[in-house]
file data12.cif (mmCIF, C-alpha atoms)
data_upload
loop_
_atom_site.group_PDB
_atom_site.id
_atom_site.type_symbol
_atom_site.label_atom_id
_atom_site.label_comp_id
_atom_site.auth_asym_id
_atom_site.auth_seq_id
_atom_site.Cartn_x
_atom_site.Cartn_y
_atom_site.Cartn_z
ATOM 1 C CA MET O 230 -12.961 10.341 -8.492
ATOM 2 C CA ASP O 231 -16.555 10.499 -7.460
ATOM 3 C CA SER O 232 -17.661 11.214 -3.906
ATOM 4 C CA TRP O 233 -19.118 7.700 -3.489
ATOM 5 C CA PHE O 234 -15.698 6.198 -4.168
ATOM 6 C CA ASN O 235 -14.022 8.611 -1.731
ATOM 7 C CA ALA O 236 -16.569 7.800 0.977
ATOM 8 C CA GLN O 237 -16.058 4.068 0.435
ATOM 9 C CA MET O 238 -12.290 4.504 0.704
ATOM 10 C CA VAL O 239 -12.694 6.254 4.065
ATOM 11 C CA ILE O 240 -15.005 3.486 5.272
ATOM 12 C CA SER O 241 -12.620 0.764 4.036
ATOM 13 C CA HIS O 242 -9.703 2.325 5.900
ATOM 14 C CA ALA O 243 -11.802 2.733 9.049
ATOM 15 C CA VAL O 244 -12.802 -0.942 8.904
ATOM 16 C CA ALA O 245 -9.123 -1.892 8.519
ATOM 17 C CA VAL O 246 -8.177 0.085 11.611
ATOM 18 C CA VAL O 247 -11.056 -1.349 13.665
ATOM 19 C CA SER O 248 -10.202 -4.901 12.535
ATOM 20 C CA ALA O 249 -6.551 -4.439 13.459
ATOM 21 C CA LEU O 250 -7.492 -3.062 16.881
ATOM 22 C CA ALA O 251 -9.900 -5.941 17.472
ATOM 23 C CA CYS O 252 -7.124 -8.435 16.697
ATOM 24 C CA LEU O 253 -4.730 -6.665 19.051
ATOM 25 C CA CYS O 254 -7.272 -6.514 21.855
ATOM 26 C CA SER O 255 -8.278 -10.164 21.525
ATOM 27 C CA GLY O 256 -4.721 -11.442 21.210
ATOM 28 C CA VAL O 257 -5.386 -12.892 17.744
ATOM 29 C CA GLN O 258 -2.437 -12.653 15.419
ATOM 30 C CA ALA O 259 -3.262 -11.368 11.925
ATOM 31 C CA GLN O 260 -2.665 -13.855 9.113
ATOM 32 C CA THR O 261 -0.408 -12.808 6.268
ATOM 33 C CA HIS O 262 0.200 -14.471 2.912
ATOM 34 C CA ALA O 263 3.446 -14.680 0.998
ATOM 35 C CA SER O 264 3.471 -12.211 -1.886
ATOM 36 C CA GLY O 265 3.966 -13.594 -5.352
ATOM 37 C CA GLN O 266 2.575 -17.018 -4.458
ATOM 38 C CA PRO O 267 1.605 -18.686 -7.766
ATOM 39 C CA ALA O 268 -1.140 -20.881 -6.281
ATOM 40 C CA ILE O 269 -4.626 -19.592 -5.566
ATOM 41 C CA TRP O 270 -4.309 -20.761 -1.960
ATOM 42 C CA PRO O 271 -1.061 -20.258 -0.058
ATOM 43 C CA ALA O 272 0.611 -23.491 1.041
ATOM 44 C CA ASN O 273 0.168 -22.543 4.714
ATOM 45 C CA ALA O 274 -3.509 -21.548 4.374
ATOM 46 C CA THR O 275 -6.047 -22.815 6.885
ATOM 47 C CA ALA O 276 -9.568 -24.010 6.096
ATOM 48 C CA GLU O 277 -10.934 -20.713 7.437
ATOM 49 C CA SER O 278 -8.692 -18.612 5.189
ATOM 50 C CA ASN O 279 -9.754 -20.730 2.190
ATOM 51 C CA ALA O 280 -13.448 -19.997 2.782
ATOM 52 C CA LEU O 281 -14.947 -18.160 -0.170
ATOM 53 C CA ALA O 282 -17.079 -15.150 0.608
ATOM 54 C CA THR O 283 -20.018 -14.210 -1.615
ATOM 55 C CA ALA O 284 -20.762 -10.794 -3.057
ATOM 56 C CA GLU O 285 -22.496 -8.750 -5.698
ATOM 57 C CA VAL O 286 -20.415 -6.401 -7.831
ATOM 58 C CA MET O 287 -21.826 -2.899 -7.417
ATOM 59 C CA LYS O 288 -19.243 -0.884 -9.398
ATOM 60 C CA VAL O 289 -15.895 -1.462 -11.098
ATOM 61 C CA TYR O 290 -13.190 1.225 -10.920
ATOM 62 C CA LEU O 291 -10.801 0.220 -13.723
ATOM 63 C CA LYS O 292 -8.519 3.250 -13.448
ATOM 64 C CA GLU O 293 -8.188 2.932 -9.656
ATOM 65 C CA LYS O 294 -7.860 -0.901 -9.827
ATOM 66 C CA ARG O 295 -10.677 -1.322 -7.297
ATOM 67 C CA VAL O 296 -14.132 -2.846 -7.065
ATOM 68 C CA LEU O 297 -17.154 -1.970 -4.924
ATOM 69 C CA LEU O 298 -18.681 -5.146 -3.476
ATOM 70 C CA LYS O 299 -21.826 -5.776 -1.455
ATOM 71 C CA HIS O 300 -20.490 -8.813 0.372
ATOM 72 C CA GLY O 301 -21.508 -11.369 2.940
ATOM 73 C CA PRO O 302 -19.332 -12.281 5.923
ATOM 74 C CA ILE O 303 -15.602 -12.723 5.249
ATOM 75 C CA PRO O 304 -14.514 -15.344 7.814
ATOM 76 C CA ASN O 305 -10.725 -14.979 7.558
ATOM 77 C CA LEU O 306 -11.005 -11.210 8.129
ATOM 78 C CA GLY O 307 -13.634 -11.482 10.859
ATOM 79 C CA MET O 308 -15.725 -9.072 8.815
ATOM 80 C CA SER O 309 -19.507 -8.999 8.744
ATOM 81 C CA ALA O 310 -21.622 -8.290 5.668
ATOM 82 C CA MET O 311 -21.361 -4.769 4.242
ATOM 83 C CA THR O 312 -20.721 -2.787 1.072
ATOM 84 C CA MET O 313 -17.167 -1.555 0.574
ATOM 85 C CA VAL O 314 -14.376 -0.927 -1.912
ATOM 86 C CA PHE O 315 -11.569 -3.464 -2.340
ATOM 87 C CA SER O 316 -8.264 -3.306 -4.170
ATOM 88 C CA VAL O 317 -7.560 -6.282 -6.425
ATOM 89 C CA LYS O 318 -4.364 -8.301 -6.565
ATOM 90 C CA ASN O 319 -4.735 -8.863 -10.327
ATOM 91 C CA PRO O 320 -6.324 -5.801 -11.993
ATOM 92 C CA LYS O 321 -6.930 -7.767 -15.243
ATOM 93 C CA ILE O 322 -9.869 -9.537 -13.574
ATOM 94 C CA LEU O 323 -11.739 -6.212 -13.430
ATOM 95 C CA ASN O 324 -12.216 -6.316 -17.224
ATOM 96 C CA SER O 325 -14.523 -9.334 -16.854
ATOM 97 C CA LEU O 326 -16.610 -7.921 -13.981
ATOM 98 C CA ARG O 327 -19.885 -6.050 -14.445
ATOM 99 C CA PRO O 328 -22.244 -4.480 -11.919
ATOM 100 C CA GLY O 329 -24.772 -7.097 -10.910
ATOM 101 C CA ASN O 330 -22.349 -10.038 -11.210
ATOM 102 C CA LYS O 331 -22.591 -12.502 -8.344
ATOM 103 C CA ILE O 332 -19.154 -13.665 -7.249
ATOM 104 C CA LYS O 333 -17.273 -15.832 -4.785
ATOM 105 C CA PHE O 334 -13.987 -14.354 -3.618
ATOM 106 C CA THR O 335 -11.185 -14.322 -1.101
ATOM 107 C CA ALA O 336 -9.593 -11.238 0.385
ATOM 108 C CA GLU O 337 -6.777 -10.386 2.725
ATOM 109 C CA GLN O 338 -5.726 -7.335 4.642
ATOM 110 C CA VAL O 339 -2.495 -5.740 3.404
ATOM 111 C CA GLN O 340 -1.488 -2.999 5.814
ATOM 112 C CA GLN O 341 -4.569 -0.744 5.892
ATOM 113 C CA ASP O 342 -6.103 -1.974 2.633
ATOM 114 C CA PHE O 343 -8.349 -4.914 1.831
ATOM 115 C CA VAL O 344 -7.275 -6.786 -1.307
ATOM 116 C CA VAL O 345 -9.279 -9.335 -3.308
ATOM 117 C CA THR O 346 -6.908 -12.196 -4.102
ATOM 118 C CA PHE O 347 -9.307 -14.514 -5.986
ATOM 119 C CA ILE O 348 -12.606 -13.955 -7.808
ATOM 120 C CA GLU O 349 -14.978 -16.438 -9.407
ATOM 121 C CA VAL O 350 -18.059 -15.112 -11.240
ATOM 122 C CA THR O 351 -21.019 -17.388 -10.432
ATOM 123 C CA ASN O 352 -23.665 -15.968 -12.781
#
call {"tool": "encode", "arguments": {"input": "data12.cif", "output": "structure tokens"}}
result
Amino acid sequence: MDSWFNAQMVISHAVAVVSALACLCSGVQAQTHASGQPAIWPANATAESNALATAEVMKVYLKEKRVLLKHGPIPNLGMSAMTMVFSVKNPKILNSLRPGNKIKFTAEQVQQDFVVTFIEVTN
């Protein structure tokens, strides 16, 4: 793995820890989604969790099943705009992504990892 990927992994994990601490301190309960849900949106999803974030694909890591995104705010995660690495729920989608693609996506936090659960290429 290259050093950029390793650095992004460290940053992603740090963001996960900070987000979890912020939720604990503010009394907000983290939202979780049922695994294996066939629908794009879980049946119990709220309007905020359905909000699509926007991003630009910076790099695709096929072997690691991850993608580096320069994204805008992600409302359901309380995350501001930044560039970071995400895991993907369905690694097959990575085959259709190229650096420079503009996308809309949803993500969720799974333990200390951020996972893209839906991607739509917009360009």
call {"tool": "atom_distance", "arguments": {"input": "data12.cif", "atom1": "atom CA of O:Asn330", "atom2": "atom CA of O:Asn352"}}
result
6.3 Å
call {"tool": "resolve_selection", "arguments": {"input": "data12.cif", "expression": "the PyMOL selection byres ((chain O and resi 317) around 8)", "output": "ChimeraX atom specification"}}
result
/O:294-296,315-316,318-320,344-346
call {"tool": "axis_aligned_box", "arguments": {"input": "data12.cif", "around": "stretch 290-305 of chain O", "padding_each_side": "3 Å", "output": "AutoDock Vina command-line options"}}
result
--center_x -14.8 --center_y -6.0 --center_z -3.0 --size_x 20.0 --size_y 24.6 --size_z 27.5
call {"tool": "closest_residue", "arguments": {"input": "data12.cif", "among": "O:Lys299, O:Met313, O:Val289, O:Thr351", "to": "O:Ile332", "atoms": "all atoms listed in the file"}}
result
O:Thr351
call {"tool": "residues_around", "arguments": {"input": "data12.cif", "residues": "O:Pro328", "least_positions_apart": "6", "cutoff": "6 Å", "atoms": "only C-alpha atoms", "output": "ChimeraX atom specification"}}
result
/O:286-288
call {"tool": "atom_distance", "arguments": {"input": "data12.cif", "atom1": "atom CA of O:Lys331", "atom2": "atom CA of O:Thr312"}}
result
13.7 Å
call {"tool": "residues_around", "arguments": {"input": "data12.cif", "residues": "O:Ile348", "least_positions_apart": "6", "cutoff": "10 Å", "atoms": "only C-alpha atoms", "output": "PyMOL selection string"}}
result
chain O and resi 281-284+317+319+322-323+326+332-336
call {"tool": "closest_residue", "arguments": {"input": "data12.cif", "among": "O:Glu337, O:Lys321, O:Val350, O:Phe343", "to": "O:Glu285", "atoms": "all atoms listed in the file"}}
result
O:Val350
